[in-house]
$ cat model05.cif   # mmCIF, C-alpha atoms
data_work
#
loop_
_atom_site.group_PDB
_atom_site.id
_atom_site.type_symbol
_atom_site.label_atom_id
_atom_site.label_comp_id
_atom_site.auth_asym_id
_atom_site.auth_seq_id
_atom_site.Cartn_x
_atom_site.Cartn_y
_atom_site.Cartn_z
ATOM 1 C CA MET A 1 -2.331 -11.282 -25.813
ATOM 2 C CA ILE A 2 0.562 -13.646 -26.498
ATOM 3 C CA LYS A 3 4.196 -12.748 -27.193
ATOM 4 C CA TYR A 4 7.097 -15.095 -27.848
ATOM 5 C CA PHE A 5 10.703 -14.400 -26.903
ATOM 6 C CA TYR A 6 13.879 -16.342 -27.598
ATOM 7 C CA THR A 7 17.473 -15.867 -26.495
ATOM 8 C CA GLN A 8 20.176 -16.232 -29.115
ATOM 9 C CA ASN A 9 23.812 -15.121 -28.936
ATOM 10 C CA GLY A 10 23.207 -13.602 -25.504
ATOM 11 C CA ARG A 11 20.350 -11.388 -26.683
ATOM 12 C CA THR A 12 16.642 -11.895 -26.113
ATOM 13 C CA SER A 13 14.314 -10.767 -28.845
ATOM 14 C CA SER A 14 10.726 -11.229 -29.920
ATOM 15 C CA VAL A 15 9.920 -14.064 -32.334
ATOM 16 C CA PRO A 16 6.750 -14.511 -34.362
ATOM 17 C CA ASN A 17 5.890 -18.071 -33.392
ATOM 18 C CA PHE A 18 6.363 -20.706 -30.727
ATOM 19 C CA CYS A 19 9.743 -22.448 -30.742
ATOM 20 C CA HIS A 20 11.710 -24.770 -28.500
ATOM 21 C CA ASP A 21 13.206 -23.125 -25.388
ATOM 22 C CA CYS A 22 11.234 -19.926 -25.921
ATOM 23 C CA TRP A 23 9.447 -17.738 -23.393
ATOM 24 C CA VAL A 24 5.692 -17.415 -23.925
ATOM 25 C CA LYS A 25 4.422 -14.198 -22.339
ATOM 26 C CA MET A 26 0.644 -14.194 -21.926
ATOM 27 C CA THR A 27 -1.101 -11.033 -20.761
ATOM 28 C CA ASN A 28 -4.799 -11.336 -19.942
ATOM 29 C CA PRO A 29 -5.213 -14.113 -22.530
ATOM 30 C CA SER A 30 -8.552 -15.061 -23.995
ATOM 31 C CA ASN A 31 -9.940 -18.576 -23.660
ATOM 32 C CA GLU A 32 -9.006 -19.318 -27.268
ATOM 33 C CA GLU A 33 -5.397 -18.226 -26.675
ATOM 34 C CA ALA A 34 -5.198 -20.289 -23.497
ATOM 35 C CA GLU A 35 -6.543 -23.382 -25.249
ATOM 36 C CA LEU A 36 -4.030 -22.898 -28.081
ATOM 37 C CA ILE A 37 -1.011 -22.758 -25.751
ATOM 38 C CA ALA A 38 -2.369 -25.512 -23.494
ATOM 39 C CA GLU A 39 -2.732 -27.880 -26.426
ATOM 40 C CA ARG A 40 0.675 -26.953 -27.825
ATOM 41 C CA MET A 41 2.483 -27.513 -24.506
ATOM 42 C CA GLY A 42 0.356 -30.301 -23.062
ATOM 43 C CA VAL A 43 -0.839 -28.474 -19.937
ATOM 44 C CA GLU A 44 -4.236 -28.024 -18.334
ATOM 45 C CA VAL A 45 -6.163 -24.919 -19.362
ATOM 46 C CA ASP A 46 -7.229 -24.344 -15.747
ATOM 47 C CA ASP A 47 -3.581 -24.268 -14.649
ATOM 48 C CA LEU A 48 -2.756 -21.920 -17.486
ATOM 49 C CA MET A 49 -5.540 -19.520 -16.510
ATOM 50 C CA ALA A 50 -5.043 -19.799 -12.743
ATOM 51 C CA ALA A 51 -3.199 -16.484 -12.454
ATOM 52 C CA ILE A 52 -6.042 -14.592 -14.127
ATOM 53 C CA ASP A 53 -8.100 -15.082 -10.965
ATOM 54 C CA LEU A 54 -7.062 -12.202 -8.690
ATOM 55 C CA GLU A 55 -7.942 -14.306 -5.629
ATOM 56 C CA GLU A 56 -5.570 -17.112 -6.604
ATOM 57 C CA LYS A 57 -3.165 -18.173 -3.853
ATOM 58 C CA THR A 58 0.576 -18.598 -4.256
ATOM 59 C CA ARG A 59 1.623 -22.211 -4.645
ATOM 60 C CA ILE A 60 3.771 -24.747 -6.471
ATOM 61 C CA GLU A 61 2.222 -27.768 -8.146
ATOM 62 C CA LEU A 62 4.115 -30.580 -9.817
ATOM 63 C CA PRO A 63 1.951 -32.400 -12.388
ATOM 64 C CA GLU A 64 3.579 -35.139 -14.413
ATOM 65 C CA ASN A 65 4.752 -33.140 -17.442
ATOM 66 C CA TYR A 66 5.151 -29.616 -16.137
ATOM 67 C CA THR A 67 5.525 -27.371 -13.099
ATOM 68 C CA LEU A 68 3.053 -24.674 -12.080
ATOM 69 C CA ILE A 69 4.236 -21.785 -9.913
ATOM 70 C CA VAL A 70 1.943 -18.966 -8.792
ATOM 71 C CA VAL A 71 3.423 -15.958 -6.987
ATOM 72 C CA ASP A 72 2.135 -12.509 -6.059
ATOM 73 C CA ILE A 73 3.683 -9.397 -7.564
ATOM 74 C CA PRO A 74 3.030 -5.712 -6.743
ATOM 75 C CA SER A 75 0.845 -3.556 -8.942
ATOM 76 C CA GLU A 76 -0.733 -0.097 -8.919
ATOM 77 C CA GLU A 77 -4.307 1.038 -9.328
ATOM 78 C CA TYR A 78 -6.369 4.144 -8.600
ATOM 79 C CA ARG A 79 -9.212 4.074 -6.085
ATOM 80 C CA ASN A 80 -11.238 7.177 -5.224
ATOM 81 C CA GLY A 81 -8.742 9.221 -7.232
ATOM 82 C CA VAL A 82 -5.845 8.022 -5.052
ATOM 83 C CA ARG A 83 -2.982 5.824 -6.232
ATOM 84 C CA ALA A 84 -3.042 2.541 -4.352
ATOM 85 C CA TYR A 85 -0.779 -0.499 -4.280
ATOM 86 C CA VAL A 86 -2.150 -4.011 -4.585
ATOM 87 C CA THR A 87 -0.829 -7.468 -5.384
ATOM 88 C CA ILE A 88 -1.809 -9.621 -8.344
ATOM 89 C CA PRO A 89 -0.978 -13.241 -9.199
ATOM 90 C CA LEU A 90 1.695 -14.146 -11.727
ATOM 91 C CA GLY A 91 1.615 -17.683 -13.080
ATOM 92 C CA ILE A 92 4.718 -19.497 -14.326
ATOM 93 C CA ILE A 93 4.520 -22.833 -16.131
ATOM 94 C CA ILE A 94 7.731 -24.707 -16.842
ATOM 95 C CA THR A 95 7.937 -27.555 -19.349
ATOM 96 C CA LYS A 96 10.818 -29.173 -21.152
ATOM 97 C CA GLU A 97 9.881 -27.241 -24.275
ATOM 98 C CA ALA A 98 9.354 -23.721 -22.974
ATOM 99 C CA ILE A 99 8.429 -21.475 -20.076
ATOM 100 C CA VAL A 100 5.144 -19.563 -19.899
ATOM 101 C CA THR A 101 4.244 -16.541 -17.784
ATOM 102 C CA ILE A 102 0.609 -15.545 -17.328
ATOM 103 C CA CYS A 103 -0.616 -12.304 -15.779
ATOM 104 C CA SER A 104 -3.857 -10.361 -15.855
ATOM 105 C CA GLU A 105 -2.057 -7.117 -16.779
ATOM 106 C CA GLU A 106 1.259 -5.756 -17.984
ATOM 107 C CA SER A 107 3.745 -6.014 -15.146
ATOM 108 C CA PHE A 108 6.903 -4.098 -14.294
ATOM 109 C CA VAL A 109 8.394 -7.375 -13.079
ATOM 110 C CA LEU A 110 8.615 -8.750 -16.622
ATOM 111 C CA ARG A 111 9.386 -5.488 -18.387
ATOM 112 C CA ASN A 112 13.173 -5.713 -18.008
ATOM 113 C CA PHE A 113 13.180 -9.250 -19.419
ATOM 114 C CA GLU A 114 11.081 -8.162 -22.373
ATOM 115 C CA LYS A 115 13.284 -5.122 -23.031
ATOM 116 C CA ASN A 116 16.455 -7.221 -22.836
ATOM 117 C CA ARG A 117 17.769 -5.348 -19.775
ATOM 118 C CA MET A 118 18.530 -8.362 -17.580
ATOM 119 C CA ASN A 119 22.043 -9.704 -17.195
ATOM 120 C CA ASP A 120 22.578 -13.450 -17.703
ATOM 121 C CA PHE A 121 18.992 -13.948 -18.806
ATOM 122 C CA SER A 122 18.290 -16.790 -21.172
ATOM 123 C CA THR A 123 15.020 -18.404 -22.160
ATOM 124 C CA ARG A 124 16.841 -21.751 -22.152
ATOM 125 C CA LYS A 125 17.672 -21.541 -18.440
ATOM 126 C CA LYS A 126 14.133 -21.838 -17.177
ATOM 127 C CA LEU A 127 14.801 -22.295 -13.465
ATOM 128 C CA ARG A 128 17.127 -19.304 -13.451
ATOM 129 C CA PHE A 129 14.360 -17.311 -15.090
ATOM 130 C CA VAL A 130 12.064 -18.194 -12.173
ATOM 131 C CA TYR A 131 14.722 -17.079 -9.662
ATOM 132 C CA GLN A 132 15.188 -13.819 -11.556
ATOM 133 C CA ILE A 133 11.438 -13.173 -11.596
ATOM 134 C CA LEU A 134 11.227 -13.683 -7.831
ATOM 135 C CA LEU A 135 14.271 -11.461 -7.284
ATOM 136 C CA GLU A 136 12.779 -8.705 -9.466
ATOM 137 C CA SER A 137 9.486 -9.062 -7.625
ATOM 138 C CA ALA A 138 11.208 -8.648 -4.229
ATOM 139 C CA LEU A 139 13.083 -5.568 -5.474
ATOM 140 C CA LEU A 140 9.857 -4.106 -6.866
ATOM 141 C CA TYR A 141 8.167 -4.671 -3.505
ATOM 142 C CA GLN A 142 10.989 -2.765 -1.832
ATOM 143 C CA LYS A 143 10.653 0.083 -4.320
ATOM 144 C CA ALA A 144 6.902 0.265 -3.656
ATOM 145 C CA LEU A 145 7.564 0.232 0.106
ATOM 146 C CA TYR A 146 9.903 3.217 -0.222
ATOM 147 C CA ALA A 147 7.178 5.041 -2.183
ATOM 148 C CA ILE A 148 4.640 4.208 0.538
ATOM 149 C CA ASP A 149 6.950 5.601 3.209
ATOM 150 C CA ARG A 150 7.501 8.809 1.243
ATOM 151 C CA LYS A 151 3.742 9.263 0.932
ATOM 152 C CA ARG A 152 3.372 8.675 4.673
ATOM 153 C CA GLN A 153 5.982 11.363 5.373
ATOM 154 C CA GLU A 154 4.064 13.831 3.184
ATOM 155 C CA ILE A 155 0.866 13.134 5.125
ATOM 156 C CA GLU A 156 2.688 13.447 8.449
ATOM 157 C CA GLU A 157 4.077 16.862 7.476
ATOM 158 C CA LYS A 158 0.549 18.103 6.755
ATOM 159 C CA VAL A 159 -0.667 17.065 10.197
ATOM 160 C CA ARG A 160 0.931 20.138 11.805
ATOM 161 C CA ASP A 161 -1.069 22.476 9.585
ATOM 162 C CA ASP A 162 -4.262 20.904 8.399
ATOM 163 C CA VAL A 163 -5.391 17.502 7.172
ATOM 164 C CA GLU A 164 -7.876 17.008 4.376
ATOM 165 C CA GLU A 165 -10.123 14.003 3.833
ATOM 166 C CA GLU A 166 -7.958 12.983 0.892
ATOM 167 C CA ASP A 167 -5.010 12.545 3.258
ATOM 168 C CA LEU A 168 -7.061 10.274 5.501
ATOM 169 C CA PHE A 169 -8.075 8.152 2.520
ATOM 170 C CA SER A 170 -4.441 8.037 1.387
ATOM 171 C CA LEU A 171 -3.274 6.861 4.792
ATOM 172 C CA HIS A 172 -5.943 4.169 4.793
ATOM 173 C CA GLU A 173 -4.812 3.028 1.346
ATOM 174 C CA LEU A 174 -1.223 2.801 2.594
ATOM 175 C CA GLU A 175 -2.297 0.640 5.533
ATOM 176 C CA GLN A 176 -4.290 -1.579 3.209
ATOM 177 C CA ALA A 177 -1.371 -1.926 0.772
ATOM 178 C CA LEU A 178 0.984 -2.934 3.573
ATOM 179 C CA VAL A 179 -1.418 -5.652 4.675
ATOM 180 C CA TYR A 180 -1.522 -7.025 1.119
ATOM 181 C CA PHE A 181 2.257 -6.795 0.830
ATOM 182 C CA ALA A 182 2.902 -8.545 4.141
ATOM 183 C CA THR A 183 0.774 -11.539 3.150
ATOM 184 C CA SER A 184 2.038 -11.801 -0.425
ATOM 185 C CA ILE A 185 5.742 -11.409 0.374
ATOM 186 C CA ARG A 186 5.596 -14.097 3.045
ATOM 187 C CA GLU A 187 3.813 -16.443 0.646
ATOM 188 C CA ASN A 188 6.475 -15.761 -1.977
ATOM 189 C CA GLY A 189 9.032 -16.663 0.669
ATOM 190 C CA ASN A 190 7.352 -20.058 1.027
ATOM 191 C CA VAL A 191 7.645 -20.550 -2.733
ATOM 192 C CA LEU A 192 11.360 -19.699 -2.572
ATOM 193 C CA ASP A 193 11.787 -22.152 0.271
ATOM 194 C CA ARG A 194 10.243 -24.923 -1.811
ATOM 195 C CA LEU A 195 12.407 -24.000 -4.775
ATOM 196 C CA THR A 196 15.523 -24.689 -2.710
ATOM 197 C CA ARG A 197 14.450 -28.344 -2.769
ATOM 198 C CA TYR A 198 13.329 -28.324 -6.400
ATOM 199 C CA SER A 199 15.216 -30.845 -8.547
ATOM 200 C CA ARG A 200 13.024 -31.507 -11.569
ATOM 201 C CA LEU A 201 14.863 -29.074 -13.886
ATOM 202 C CA GLU A 202 18.560 -28.550 -14.411
ATOM 203 C CA ARG A 203 20.087 -26.086 -11.971
ATOM 204 C CA PHE A 204 23.314 -24.367 -12.950
ATOM 205 C CA PRO A 205 25.989 -23.755 -10.277
ATOM 206 C CA GLU A 206 25.658 -19.968 -10.499
ATOM 207 C CA ASP A 207 21.903 -20.238 -9.982
ATOM 208 C CA GLN A 208 22.370 -21.008 -6.282
ATOM 209 C CA GLU A 209 23.781 -17.543 -5.667
ATOM 210 C CA LEU A 210 20.843 -16.020 -7.546
ATOM 211 C CA LEU A 211 18.406 -18.035 -5.431
ATOM 212 C CA ASP A 212 20.172 -16.903 -2.253
ATOM 213 C CA ASP A 213 19.914 -13.269 -3.405
ATOM 214 C CA ALA A 214 16.194 -13.695 -4.060
ATOM 215 C CA ILE A 215 15.679 -15.189 -0.588
ATOM 216 C CA VAL A 216 17.656 -12.379 1.087
ATOM 217 C CA GLU A 217 15.834 -9.608 -0.801
ATOM 218 C CA ASN A 218 12.452 -11.199 -0.112
ATOM 219 C CA GLN A 219 13.243 -11.447 3.599
ATOM 220 C CA GLN A 220 14.356 -7.824 3.596
ATOM 221 C CA ALA A 221 11.029 -6.876 1.976
ATOM 222 C CA VAL A 222 9.225 -8.774 4.768
ATOM 223 C CA GLU A 223 11.137 -6.842 7.438
ATOM 224 C CA MET A 224 10.557 -3.516 5.668
ATOM 225 C CA THR A 225 6.833 -4.227 5.477
ATOM 226 C CA ASP A 226 6.651 -4.958 9.205
ATOM 227 C CA ILE A 227 8.573 -1.781 10.029
ATOM 228 C CA TYR A 228 6.493 0.436 7.759
ATOM 229 C CA ARG A 229 3.257 -1.053 9.084
ATOM 230 C CA SER A 230 4.324 -0.043 12.588
ATOM 231 C CA ILE A 231 5.294 3.439 11.404
ATOM 232 C CA VAL A 232 2.024 3.972 9.509
ATOM 233 C CA ASP A 233 0.099 2.777 12.549
ATOM 234 C CA GLY A 234 2.039 5.306 14.644
ATOM 235 C CA THR A 235 1.183 8.062 12.160
ATOM 236 C CA ARG A 236 -2.499 7.141 12.327
ATOM 237 C CA GLN A 237 -2.407 7.243 16.137
ATOM 238 C CA LEU A 238 -0.622 10.598 15.990
ATOM 239 C CA MET A 239 -3.335 12.001 13.724
ATOM 240 C CA SER A 240 -6.038 10.659 16.041
ATOM 241 C CA THR A 241 -4.331 12.217 19.074
ATOM 242 C CA ILE A 242 -3.947 15.574 17.328
ATOM 243 C CA PHE A 243 -7.607 15.567 16.263
ATOM 244 C CA ASP A 244 -8.678 14.811 19.836
ATOM 245 C CA ASN A 245 -6.416 17.543 21.187
ATOM 246 C CA ARG A 246 -7.754 20.105 18.712
ATOM 247 C CA LEU A 247 -11.316 19.146 19.603
ATOM 248 C CA ASN A 248 -10.520 19.538 23.303
ATOM 249 C CA ASN A 249 -9.054 22.985 22.674
ATOM 250 C CA VAL A 250 -12.151 24.058 20.771
ATOM 251 C CA MET A 251 -14.397 22.758 23.520
ATOM 252 C CA LYS A 252 -12.369 24.623 26.178
ATOM 253 C CA ILE A 253 -12.613 27.879 24.249
ATOM 254 C CA LEU A 254 -16.350 27.480 23.686
ATOM 255 C CA THR A 255 -16.884 26.642 27.364
ATOM 256 C CA SER A 256 -14.896 29.708 28.449
ATOM 257 C CA ILE A 257 -16.814 31.981 26.113
ATOM 258 C CA THR A 258 -20.075 30.533 27.463
ATOM 259 C CA LEU A 259 -18.995 31.281 31.033
ATOM 260 C CA ILE A 260 -18.114 34.881 30.182
ATOM 261 C CA LEU A 261 -21.362 35.468 28.315
ATOM 262 C CA ALA A 262 -23.352 33.905 31.150
ATOM 263 C CA ILE A 263 -22.495 36.796 33.520
ATOM 264 C CA PRO A 264 -24.306 39.598 31.631
ATOM 265 C CA THR A 265 -27.098 37.140 30.808
ATOM 266 C CA VAL A 266 -27.704 36.309 34.481
ATOM 267 C CA ILE A 267 -27.521 39.947 35.665
ATOM 268 C CA SER A 268 -29.766 41.235 32.869
ATOM 269 C CA GLY A 269 -32.208 38.432 33.610
ATOM 270 C CA MET A 270 -32.386 39.443 37.267
ATOM 271 C CA TYR A 271 -33.124 43.053 36.379
ATOM 272 C CA GLY A 272 -35.730 41.924 33.891
ATOM 273 C CA MET A 273 -37.784 40.226 36.578
ATOM 274 C CA ASN A 274 -41.137 41.750 37.574
ATOM 275 C CA VAL A 275 -40.157 42.963 41.077
ATOM 276 C CA LEU A 276 -40.212 46.326 42.819
ATOM 277 C CA THR A 277 -37.348 48.534 41.756
ATOM 278 C CA LYS A 278 -36.603 49.563 45.343
ATOM 279 C CA TYR A 279 -35.305 46.080 46.009
ATOM 280 C CA MET A 280 -32.910 46.084 43.021
ATOM 281 C CA PRO A 281 -29.431 47.631 43.503
ATOM 282 C CA PHE A 282 -28.846 50.880 41.599
ATOM 283 C CA ALA A 283 -32.367 50.689 40.166
ATOM 284 C CA GLN A 284 -33.205 54.219 41.410
ATOM 285 C CA THR A 285 -29.658 55.569 41.275
ATOM 286 C CA PRO A 286 -28.729 58.150 38.627
ATOM 287 C CA PHE A 287 -26.616 56.500 35.929
ATOM 288 C CA GLY A 288 -27.556 53.122 37.447
ATOM 289 C CA PHE A 289 -27.510 51.398 34.079
ATOM 290 C CA GLY A 290 -23.959 52.607 33.406
ATOM 291 C CA ILE A 291 -22.824 51.475 36.857
ATOM 292 C CA ILE A 292 -24.319 48.020 36.412
ATOM 293 C CA SER A 293 -22.842 47.760 32.922
ATOM 294 C CA GLY A 294 -19.432 48.732 34.309
ATOM 295 C CA ILE A 295 -19.693 46.092 37.040
ATOM 296 C CA VAL A 296 -20.596 43.485 34.420
ATOM 297 C CA VAL A 297 -17.612 44.491 32.280
ATOM 298 C CA VAL A 298 -15.255 44.318 35.288
ATOM 299 C CA ILE A 299 -16.516 40.866 36.276
ATOM 300 C CA CYS A 300 -16.211 39.637 32.675
ATOM 301 C CA LEU A 301 -12.687 41.009 32.360
ATOM 302 C CA GLY A 302 -11.718 39.430 35.680
ATOM 303 C CA LEU A 303 -13.084 36.073 34.575
ATOM 304 C CA TYR A 304 -11.287 36.441 31.239
ATOM 305 C CA VAL A 305 -7.974 36.991 33.038
ATOM 306 C CA VAL A 306 -8.530 33.961 35.258
ATOM 307 C CA LEU A 307 -9.430 31.736 32.323
ATOM 308 C CA LYS A 308 -6.453 33.043 30.366
ATOM 309 C CA ARG A 309 -4.083 32.145 33.198
ATOM 310 C CA LYS A 310 -5.664 28.709 33.391
ATOM 311 C CA LYS A 311 -5.011 28.349 29.610
ATOM 312 C CA MET A 312 -8.696 27.975 28.926
ATOM 313 C CA LEU A 313 -8.539 30.652 26.248
#
$ encode --input "model05.cif" --output "structure tokens"
Amino acid sequence: MIKYFYTQNGRTSSVPNFCHDCWVKMTNPSNEEAELIAERMGVEVDDLMAAIDLEEKTRIELPENYTLIVVDIPSEEYRNGVRAYVTIPLGIIITKEAIVTICSEESFVLRNFEKNRMNDFSTRKKLRFVYQILLESALLYQKALYAIDRKRQEIEEKVRDDVEEEDLFSLHELEQALVYFATSIRENGNVLDRLTRYSRLERFPEDQELLDDAIVENQQAVEMTDIYRSIVDGTRQLMSTIFDNRLNNVMKILTSITLILAIPTVISGMYGMNVLTKYMPFAQTPFGFGIISGIVVVICLGLYVVLKRKKML
């Protein structure tokens, strides 16, 4: 799908066709659409479709007539019925005529530009647009990181009561998302670093402050990711420790019960042996069975008290 946007009188709106200084927004384009835009703007189709490959790496390339920038942006998907965070490539191609963004799906990063909610946004100021995209991406990463931490807190609160398999899957998804985020945000930082030395397009004086903001927010996202990875790892270790402790408690209780039940089993086994009754205590005594049963009960109760004091029960 292809959409065209153009800024006029400080307002960005959709236009029906390609025009000079417009923004071409391509979402999961077909090969025919890619060939159409590539021919119109004089770019390589492979560069135009680079961001459609989910394994594409972040980079900046400087062919003769245009600039290709590929960055990673956060996205959401559902795996095993659980909401998970991933990163997907976003391609940006800058030419003298227009700027093109290519993504495999609709992205929250571009939504504010499309809805005309961005201050000082203009399709004519292409390099500023790139800075704003990277700033929005960093802020969206931070928002996703806060959501990840809230989910971790919910799982941690359940640990005291009971943990279901769904919680374990959720925690694993959070760890996986943080790994993706850590790699992608650092790679975006490398792109920002290269943009500080970029001189092919006109850079307005106020753009430097915007670039600095994008660098600061991206670095903050890097630090947040590292912190939350450590916290999630601590939560996983806490869950593992609690599971081991609960298993130990169960094993202690079962062992104690086995010891108590072993007493009547051993005594009854002795009296069940094929030996002369005159050699067995209380065998010929009136109420001998009751006496033996009472002795067994006393021994069991005594052992119960000892185990209770030793916190084995």
$ residues_near_point --input "model05.cif" --point "(2.3, -7.3, -9.9)" --cutoff "6 Å" --atoms "only C-alpha atoms" --output "list in words"
Ile73, Pro74, Ser75, Thr87, Ile88 and Ser107 of chain A
$ atom_distance --input "model05.cif" --atom1 "CA of Leu301 in chain A" --atom2 "CA of Leu254 in chain A"
16.5 Å
$ closest_residue --input "model05.cif" --among "A:Arg229, A:Arg124, A:Arg111, A:Arg194" --to "Asp149 in chain A" --atoms "only C-alpha atoms"
A:Arg229
$ residues_around --input "model05.cif" --residues "range 16-23 of chain A" --least-positions-apart "4" --cutoff "12 Å" --atoms "only C-alpha atoms" --output "ChimeraX atom specification"
/A:2-8,12,36-37,40-41,92-102,110,113-114,121-126,129-130
$ residues_around --input "model05.cif" --residues "Asn31 in chain A" --least-positions-apart "3" --cutoff "10 Å" --atoms "only C-alpha atoms" --output "list in words"
Asn28, Ala34, Glu35, Leu36, Val45 and Met49 of chain A
$ closest_residue --input "model05.cif" --among "A:Met26, A:Asp120, A:Val43, A:Arg150" --to "Leu62 in chain A" --atoms "all atoms listed in the file"
A:Val43
$ atom_distance --input "model05.cif" --atom1 "CA of Asp167 in chain A" --atom2 "CA of Ile227 in chain A"
20.9 Å
$ resolve_selection --input "model05.cif" --expression "the PyMOL selection byres ((chain A and resi 142) around 9)" --output "mmCIF file with C-alpha atoms, in the frame of the given file"
data_model
loop_
_atom_site.group_PDB
_atom_site.id
_atom_site.type_symbol
_atom_site.label_atom_id
_atom_site.label_comp_id
_atom_site.auth_asym_id
_atom_site.auth_seq_id
_atom_site.Cartn_x
_atom_site.Cartn_y
_atom_site.Cartn_z
ATOM 1 C CA SER A 137 9.486 -9.062 -7.625
ATOM 2 C CA ALA A 138 11.208 -8.648 -4.229
ATOM 3 C CA LEU A 139 13.083 -5.568 -5.474
ATOM 4 C CA LEU A 140 9.857 -4.106 -6.866
ATOM 5 C CA TYR A 141 8.167 -4.671 -3.505
ATOM 6 C CA LYS A 143 10.653 0.083 -4.320
ATOM 7 C CA ALA A 144 6.902 0.265 -3.656
ATOM 8 C CA LEU A 145 7.564 0.232 0.106
ATOM 9 C CA TYR A 146 9.903 3.217 -0.222
ATOM 10 C CA ALA A 147 7.178 5.041 -2.183
ATOM 11 C CA GLU A 217 15.834 -9.608 -0.801
ATOM 12 C CA ASN A 218 12.452 -11.199 -0.112
ATOM 13 C CA GLN A 220 14.356 -7.824 3.596
ATOM 14 C CA ALA A 221 11.029 -6.876 1.976
ATOM 15 C CA MET A 224 10.557 -3.516 5.668
ATOM 16 C CA THR A 225 6.833 -4.227 5.477
#
$ atom_distance --input "model05.cif" --atom1 "CA of Met312 in chain A" --atom2 "CA of Asn249 in chain A"
8.0 Å
$ resolve_selection --input "model05.cif" --expression "the PyMOL selection byres ((chain A and resi 263) around 12)" --output "PyMOL selection string"
chain A and resi 256-262+264-270+292-293+295-304
$ residues_around --input "model05.cif" --residues "Leu192 in chain A" --least-positions-apart "6" --cutoff "12 Å" --atoms "only C-alpha atoms" --output "ChimeraX atom specification"
/A:58-60,69-71,127,130-135,137-138,185-186,198,208,210-219
$ residues_around --input "model05.cif" --residues "Glu76 in chain A" --least-positions-apart "3" --cutoff "9 Å" --atoms "all atoms listed in the file" --output "PyMOL selection string"
chain A and resi 83-87
$ residues_near_point --input "model05.cif" --point "(-3.6, 11.8, 14.6)" --cutoff "10 Å" --atoms "all atoms listed in the file" --output "PyMOL selection string"
chain A and resi 156+159-160+163+168+233-245
$ axis_aligned_box --input "model05.cif" --around "range 106-120 of chain A" --padding-each-side "8 Å" --output "lines of an AutoDock Vina configuration file"
center_x = 11.9
center_y = -8.8
center_z = -18.1
size_x = 37.3
size_y = 25.4
size_z = 26.0
$ closest_residue --input "model05.cif" --among "A:Arg11, A:Glu173, A:Glu187, A:Val179" --to "Glu56 in chain A" --atoms "all atoms listed in the file"
A:Glu187
$ build_atoms --input "model05.cif" --residues "range 259-268 of chain A" --atoms "N, CA, C and O atoms" --output "PDB file, keeping the file's coordinate frame"
ATOM      1  N   LEU A 259     -19.048  30.786  29.655  1.00  0.00           N
ATOM      2  CA  LEU A 259     -18.995  31.281  31.033  1.00  0.00           C
ATOM      3  C   LEU A 259     -18.984  32.806  31.082  1.00  0.00           C
ATOM      4  O   LEU A 259     -19.679  33.434  31.902  1.00  0.00           O
ATOM      5  N   ILE A 260     -18.195  33.416  30.196  1.00  0.00           N
ATOM      6  CA  ILE A 260     -18.114  34.881  30.182  1.00  0.00           C
ATOM      7  C   ILE A 260     -19.452  35.502  29.782  1.00  0.00           C
ATOM      8  O   ILE A 260     -19.922  36.480  30.396  1.00  0.00           O
ATOM      9  N   LEU A 261     -20.075  34.933  28.764  1.00  0.00           N
ATOM     10  CA  LEU A 261     -21.362  35.468  28.315  1.00  0.00           C
ATOM     11  C   LEU A 261     -22.485  35.187  29.297  1.00  0.00           C
ATOM     12  O   LEU A 261     -23.534  35.865  29.283  1.00  0.00           O
ATOM     13  N   ALA A 262     -22.298  34.221  30.173  1.00  0.00           N
ATOM     14  CA  ALA A 262     -23.352  33.905  31.150  1.00  0.00           C
ATOM     15  C   ALA A 262     -23.510  35.006  32.193  1.00  0.00           C
ATOM     16  O   ALA A 262     -24.613  35.195  32.745  1.00  0.00           O
ATOM     17  N   ILE A 263     -22.436  35.754  32.482  1.00  0.00           N
ATOM     18  CA  ILE A 263     -22.495  36.796  33.520  1.00  0.00           C
ATOM     19  C   ILE A 263     -23.482  37.904  33.136  1.00  0.00           C
ATOM     20  O   ILE A 263     -24.416  38.198  33.905  1.00  0.00           O
ATOM     21  N   PRO A 264     -23.302  38.572  31.980  1.00  0.00           N
ATOM     22  CA  PRO A 264     -24.306  39.598  31.631  1.00  0.00           C
ATOM     23  C   PRO A 264     -25.701  39.017  31.435  1.00  0.00           C
ATOM     24  O   PRO A 264     -26.710  39.692  31.693  1.00  0.00           O
ATOM     25  N   THR A 265     -25.786  37.766  31.000  1.00  0.00           N
ATOM     26  CA  THR A 265     -27.098  37.140  30.808  1.00  0.00           C
ATOM     27  C   THR A 265     -27.825  36.976  32.139  1.00  0.00           C
ATOM     28  O   THR A 265     -29.021  37.286  32.263  1.00  0.00           O
ATOM     29  N   VAL A 266     -27.088  36.510  33.166  1.00  0.00           N
ATOM     30  CA  VAL A 266     -27.704  36.309  34.481  1.00  0.00           C
ATOM     31  C   VAL A 266     -28.123  37.642  35.099  1.00  0.00           C
ATOM     32  O   VAL A 266     -29.236  37.799  35.624  1.00  0.00           O
ATOM     33  N   ILE A 267     -27.217  38.645  35.041  1.00  0.00           N
ATOM     34  CA  ILE A 267     -27.521  39.947  35.665  1.00  0.00           C
ATOM     35  C   ILE A 267     -28.685  40.629  34.953  1.00  0.00           C
ATOM     36  O   ILE A 267     -29.602  41.164  35.585  1.00  0.00           O
ATOM     37  N   SER A 268     -28.655  40.605  33.603  1.00  0.00           N
ATOM     38  CA  SER A 268     -29.766  41.235  32.869  1.00  0.00           C
ATOM     39  C   SER A 268     -31.070  40.492  33.123  1.00  0.00           C
ATOM     40  O   SER A 268     -32.155  41.096  33.159  1.00  0.00           O
TER      41      SER A 268
END
